Amino acid sequence: MVENNNIYTDFADELVTLDIKSDTFEHTEKKSDHICCNYIKILSDQNEFHKEKGDYVSIECDNLFDHQIRNDMIEAIHENLLNMTNSMKIEVNKILVVGLGNQFIISDALGPKVVGEILVTAHYYRNHSKLNLEGTRDVAALAPGVMGQTGLETLEIVQSVVSVYKPELILVVDALATRDINRINKVIQINNTGIQPGSGIGNFREAFNEENLHIPVIAVGVATVTSVGAILHDCLKEVHCKTNIVENLYQNENTKLMVTPKSMDEELKQLVYIVSEGINMFLHREYLNL
């Protein structure tokens, strides 16, 4: 079988070998009628996956357009965000939601579009509004754009907002790259280790993590792109012997090009709904009477 070890992925569960035991990670799988969740705990800073030590949860479905499946995905996002914050053992009442990406590029627009659907309340809290805010949390949202639009390092923009707003938790939403073409637009990853914008296309920016922001960071990402190399691997996976031709193909820079399906427009609408509803449920469940 052709190996795909050199094909980039943002997903922890695509890197670990789930059917073996290891000292560097733990794995648990939970399936329901409609979705599958993989829980990966990276135990050591020094690991063969080059992933930060921490918890990674992938939530996968096979049909975005089924009402019950969407509801199950939303509840899974809420449940896992709640579990991760509970494990931090800190009081979280003030939260900044950051949507990374370029709203004018469909495969990179998830973050900004999700931010547009977040129920923000920070202005009411700041102005001591007389509105009944019981059941809500103090929430602000930001879509800082990308360096090509602003000329500024995205992390620096967020650091400036953090210095003024002083949140207790940052939720970062971004588009991710998968090495499995069958998972595009069907899997969401939540982790408590942060995120590095642009890593999927080799354009590494400063990481959004607790080390750089001095505040706990939870990242929510969705697989919206894959590489030409991943597609090539999928087409050649029935080949049972390595050849120089195949190995040379994987060394070609063009295999790192990122692509997204033609159905992205319609599927993005569903993804934005699922992710934003899951986050809103986590932020304001009592207020929303859910």
# chains A, B, ... in the order shown; residues from 1 in each chain; ligands from 1
>>> residues_around(residues="Asn47 (chain A)", least_positions_apart="6", cutoff="12 Å", atoms="only C-alpha atoms", output="PyMOL selection string")
chain A and resi 12+15-16+22-25+41+53-54
>>> write_last_selection(atoms="N, CA and C atoms", output="compact mmCIF listing (two decimals), in the first residue's frame")
# COMPACT_ATOMS: atom_id res chain seq x y z
N ALA A 12 -5.56 15.06 14.90
CA ALA A 12 -4.76 14.14 15.71
C ALA A 12 -5.13 12.69 15.43
N LEU A 15 -3.30 10.92 12.71
CA LEU A 15 -1.87 10.70 12.91
C LEU A 15 -1.58 9.48 13.76
N VAL A 16 -2.41 9.25 14.77
CA VAL A 16 -2.15 8.13 15.67
C VAL A 16 -2.64 6.83 15.06
N SER A 22 0.20 2.70 23.18
CA SER A 22 1.41 3.51 23.15
C SER A 22 1.55 4.28 24.44
N ASP A 23 2.79 4.62 24.79
CA ASP A 23 3.04 5.44 25.97
C ASP A 23 2.84 6.92 25.69
N THR A 24 2.67 7.28 24.40
CA THR A 24 2.59 8.70 24.05
C THR A 24 1.16 9.20 23.88
N PHE A 25 0.19 8.30 23.81
CA PHE A 25 -1.19 8.75 23.66
C PHE A 25 -2.17 7.72 24.21
N LYS A 41 -5.75 11.67 23.74
CA LYS A 41 -5.01 12.42 24.74
C LYS A 41 -3.52 12.21 24.47
N LYS A 53 1.00 18.53 23.68
CA LYS A 53 0.41 17.71 24.73
C LYS A 53 -0.96 18.26 25.10
N GLY A 54 -1.97 17.38 25.14
CA GLY A 54 -3.31 17.83 25.47
C GLY A 54 -4.37 16.91 24.93
>>> residues_around(residues="Thr154 (chain A)", least_positions_apart="5", cutoff="7 Å", atoms="only C-alpha atoms", output="list in words")
Pro144, Val146 and Met147 of chain A
>>> select_by_dssp(residues="region 3-197 of chain A", states="strand (DSSP E or B)", output="PyMOL selection string")
chain A and resi 25-31+36-42+54-60+94-99+138-142+169-178+187-191+195
>>> closest_residue(among="A:Ser32, A:Gln46, A:Asn127, A:Asn212", to="Thr193 (chain A)", atoms="only C-alpha atoms")
A:Asn212
>>> atom_distance(atom1="CA of Ala175 (chain A)", atom2="CA of Leu288 (chain A)")
26.8 Å
>>> residues_around(residues="region 34-37 of chain A", least_positions_apart="3", cutoff="10 Å", atoms="only C-alpha atoms", output="list in words")
Thr28, Glu29, Lys30, Lys31, Ile40, Val57, Ser58, Ile59, Glu60, Cys61, Asp62, Asn63, Asp66, Gln68, Ile69, Arg70, Asn71, Asp72, Met73, Ala76, Lys186, Val187, Ile188 and Gln189 of chain A
>>> select_by_dssp(residues="region 120-211 of chain A", states="alpha helix (DSSP H)", output="list in words")
Ala122, His123, Tyr124, Tyr125, Arg126, Met147, Gly148, Gln149, Thr150, Thr154, Leu155, Glu156, Ile157, Val158, Gln159, Ser160, Val161, Val162, Ser163, Val164, Tyr165, Glu210 and Glu211 of chain A
>>> atom_distance(atom1="CA of Gly194 (chain A)", atom2="CA of Ala219 (chain A)")
5.3 Å
>>> residues_around(residues="Gly145 (chain A)", least_positions_apart="2", cutoff="12 Å", atoms="only C-alpha atoms", output="ChimeraX atom specification")
/A:98-105,108-113,115,142-143,147-158,174,197
>>> residues_around(residues="Val92 (chain A)", least_positions_apart="5", cutoff="8 Å", atoms="only C-alpha atoms", output="PyMOL selection string")
chain A and resi 85+168-169
>>> write_last_selection(atoms="C-alpha atoms", output="compact mmCIF listing (two decimals), in the first residue's frame")
# COMPACT_ATOMS: atom_id res chain seq x y z
CA THR A 85 -13.61 23.84 30.39
CA GLU A 168 -10.95 34.15 30.99
CA LEU A 169 -11.08 31.84 27.95
>>> atom_distance(atom1="CA of Val228 (chain A)", atom2="CA of Glu48 (chain A)")
23.9 Å
>>> closest_residue(among="A:Glu267, A:Glu26, A:Glu277, A:Glu52", to="Ala223 (chain A)", atoms="only C-alpha atoms")
A:Glu267
>>> closest_residue(among="A:His67, A:Leu213, A:Ser263, A:Leu257", to="Ser160 (chain A)", atoms="only C-alpha atoms")
A:Leu213
>>> residues_around(residues="Tyr273 (chain A)", least_positions_apart="4", cutoff="9 Å", atoms="only C-alpha atoms", output="ChimeraX atom specification")
/A:70,74,114,117,268-269,277-278
>>> residues_around(residues="Ile231 (chain A)", least_positions_apart="3", cutoff="9 Å", atoms="only C-alpha atoms", output="compact mmCIF listing (two decimals) with all heavy atoms, in the first residue's frame")
# COMPACT_ATOMS: atom_id res chain seq x y z
N ARG A 179 -6.23 14.70 5.74
CA ARG A 179 -5.55 13.87 4.75
C ARG A 179 -6.49 12.81 4.17
O ARG A 179 -6.10 12.04 3.31
CB ARG A 179 -4.32 13.18 5.36
CG ARG A 179 -4.61 12.17 6.42
CD ARG A 179 -3.40 11.31 6.77
NE ARG A 179 -2.21 12.08 7.03
CZ ARG A 179 -1.13 11.60 7.64
NH1 ARG A 179 -1.12 10.35 8.06
NH2 ARG A 179 -0.08 12.36 7.85
N ASP A 180 -7.73 12.79 4.66
CA ASP A 180 -8.72 11.81 4.17
C ASP A 180 -9.81 12.57 3.42
O ASP A 180 -10.61 13.29 4.02
CB ASP A 180 -9.31 11.06 5.37
CG ASP A 180 -10.27 9.95 4.94
OD1 ASP A 180 -10.72 9.95 3.78
OD2 ASP A 180 -10.56 9.09 5.79
N ILE A 181 -9.86 12.40 2.13
CA ILE A 181 -10.81 13.18 1.32
C ILE A 181 -12.26 12.88 1.67
O ILE A 181 -13.15 13.70 1.42
CB ILE A 181 -10.58 12.96 -0.20
CG1 ILE A 181 -10.79 11.49 -0.58
CG2 ILE A 181 -9.20 13.42 -0.60
CD1 ILE A 181 -10.67 11.23 -2.08
N THR A 226 -8.32 19.50 1.57
CA THR A 226 -7.35 18.42 1.58
C THR A 226 -6.30 18.74 0.53
O THR A 226 -6.45 19.70 -0.23
CB THR A 226 -8.01 17.06 1.31
OG1 THR A 226 -7.07 16.01 1.59
CG2 THR A 226 -8.46 16.94 -0.15
N SER A 227 -5.25 17.96 0.49
CA SER A 227 -4.16 18.24 -0.45
C SER A 227 -4.25 17.35 -1.68
O SER A 227 -4.90 16.30 -1.67
CB SER A 227 -2.81 18.01 0.24
OG SER A 227 -2.64 16.64 0.54
N VAL A 228 -3.59 17.80 -2.74
CA VAL A 228 -3.50 16.98 -3.95
C VAL A 228 -2.84 15.65 -3.61
O VAL A 228 -3.22 14.60 -4.13
CB VAL A 228 -2.69 17.73 -5.04
CG1 VAL A 228 -2.38 16.80 -6.22
CG2 VAL A 228 -3.46 18.95 -5.51
N ASP A 234 -5.28 8.48 -2.21
CA ASP A 234 -6.55 7.76 -2.26
C ASP A 234 -6.70 7.01 -3.58
O ASP A 234 -7.21 5.89 -3.61
CB ASP A 234 -7.70 8.74 -2.07
CG ASP A 234 -9.02 8.04 -1.85
OD1 ASP A 234 -9.14 7.34 -0.83
OD2 ASP A 234 -9.93 8.20 -2.68
N CYS A 235 -6.25 7.63 -4.66
CA CYS A 235 -6.36 6.99 -5.97
C CYS A 235 -5.40 5.80 -6.11
O CYS A 235 -5.68 4.85 -6.85
CB CYS A 235 -6.05 8.00 -7.08
SG CYS A 235 -7.26 9.33 -7.23
N LEU A 236 -4.29 5.86 -5.37
CA LEU A 236 -3.27 4.82 -5.50
C LEU A 236 -3.27 3.83 -4.34
O LEU A 236 -2.39 2.98 -4.26
CB LEU A 236 -1.88 5.47 -5.58
CG LEU A 236 -1.62 6.37 -6.79
CD1 LEU A 236 -0.26 7.03 -6.67
CD2 LEU A 236 -1.71 5.57 -8.09
N THR A 255 1.94 18.37 -4.91
CA THR A 255 1.08 17.53 -4.08
C THR A 255 0.65 18.25 -2.80
O THR A 255 -0.25 17.80 -2.11
CB THR A 255 1.79 16.22 -3.71
OG1 THR A 255 2.98 16.52 -2.96
CG2 THR A 255 2.16 15.42 -4.95
